[in-house]
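Engineer: Below you will find the structure I want to go over with you.
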Amino acid sequence: MDQHLTWRLHRINKLSDKLSSDAYTQEFGLPVGEARCLAAIGNFAPLSVKDLAARANLNKAQASRAAQALTERGLVSKQASPLDGRGVVLTTTRKGHKLWTGVMALIARRNQEIFGCLSGAERRQLGAMLDRLIAQAGSES
């Protein structure tokens with residue numbers, strides 16, 4: 001069983017999530033979902049909650065709760081969407097942007113810790129293969 005690709009992907013995901021979650025909490029006092037949302041908002045703002053969910057790989061309810069928590073912490077601002085009267089768009093505040101910089105540095109460090117055993121060529125090759133697997137799995141859903 002431990003040689004099946006799906007099991008191995010799940011295992012690396014669990015290991016990575018646990019270590020990343022601990023790091024987000026220790027360094028920034030953020031749960032992993034909020035840290036992912038802050039990273040997504042900082043990279044792709046302005047975002048609707050629906051777009052945030054897709055970018056942070058969360059469901060809409062999780063993204064909404066994380067966005068609300070980030071807003072309450074003064075890290076994200078919500079404004080009425082100019083395209084959807086019932087929707088909102090999310091952007092980082094000045095304080096949020098500063099924290100986003102730290103979160104992105106942590107993400108880069110975590111990627112180096114996890115993938116540092118691979119050469120640059122191997123990382124690019126793995127990235128291309130993962131992109132193909134994601135596209136394949138996405139076309140089946």
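Chain labels follow the order of the structure tokens: the first chain is A, the next B, and so on; residue numbering restarts at 1 in every chain, and ligands are counted from 1 in their shown order.
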Taking the chain letters and numbering used in this document, name the residues of chain A that DSSP puts in strand (DSSP E or B), as number ranges by chain.
Structural biologist: A: 47, 76-80, 88-92
Engineer: Write down as a PyMOL selection string the residues belonging to range 3-117 of chain A that are assigned alpha helix (DSSP H) by DSSP computed on the backbone.
Structural biologist: chain A and resi 5-28+32-44+49-56+60-72+94-115
Engineer: Using only C-alpha atoms, pick whichever of A:Leu126, A:Leu19, A:Leu38, A:Ala69 has the shortest atom-to-atom distance to Glu113 in chain A.
Structural biologist: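 Using only C-alpha atoms, Glu113 in chain A sits closest to A:Leu19.
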Engineer: Please compute the CA of Arg132 in chain A-CA of Leu9 in chain A distance, one decimal, in Å.
Structural biologist: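 Between these atoms lies a distance of 14.2 Å.
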Engineer: Taking 5 positions as the minimum chain separation for residues in the same chain, which residues sit within 9 Å of range 56-62 of chain A when counting only C-alpha atoms? Answer as a PyMOL selection string.
Structural biologist: chain A and resi 33+36-41+49-51+67
Engineer: CA of Tyr24 in chain A and CA of Ile107 in chain A, how far apart in Å?
Structural biologist: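 Between these atoms lies a distance of 9.4 Å.
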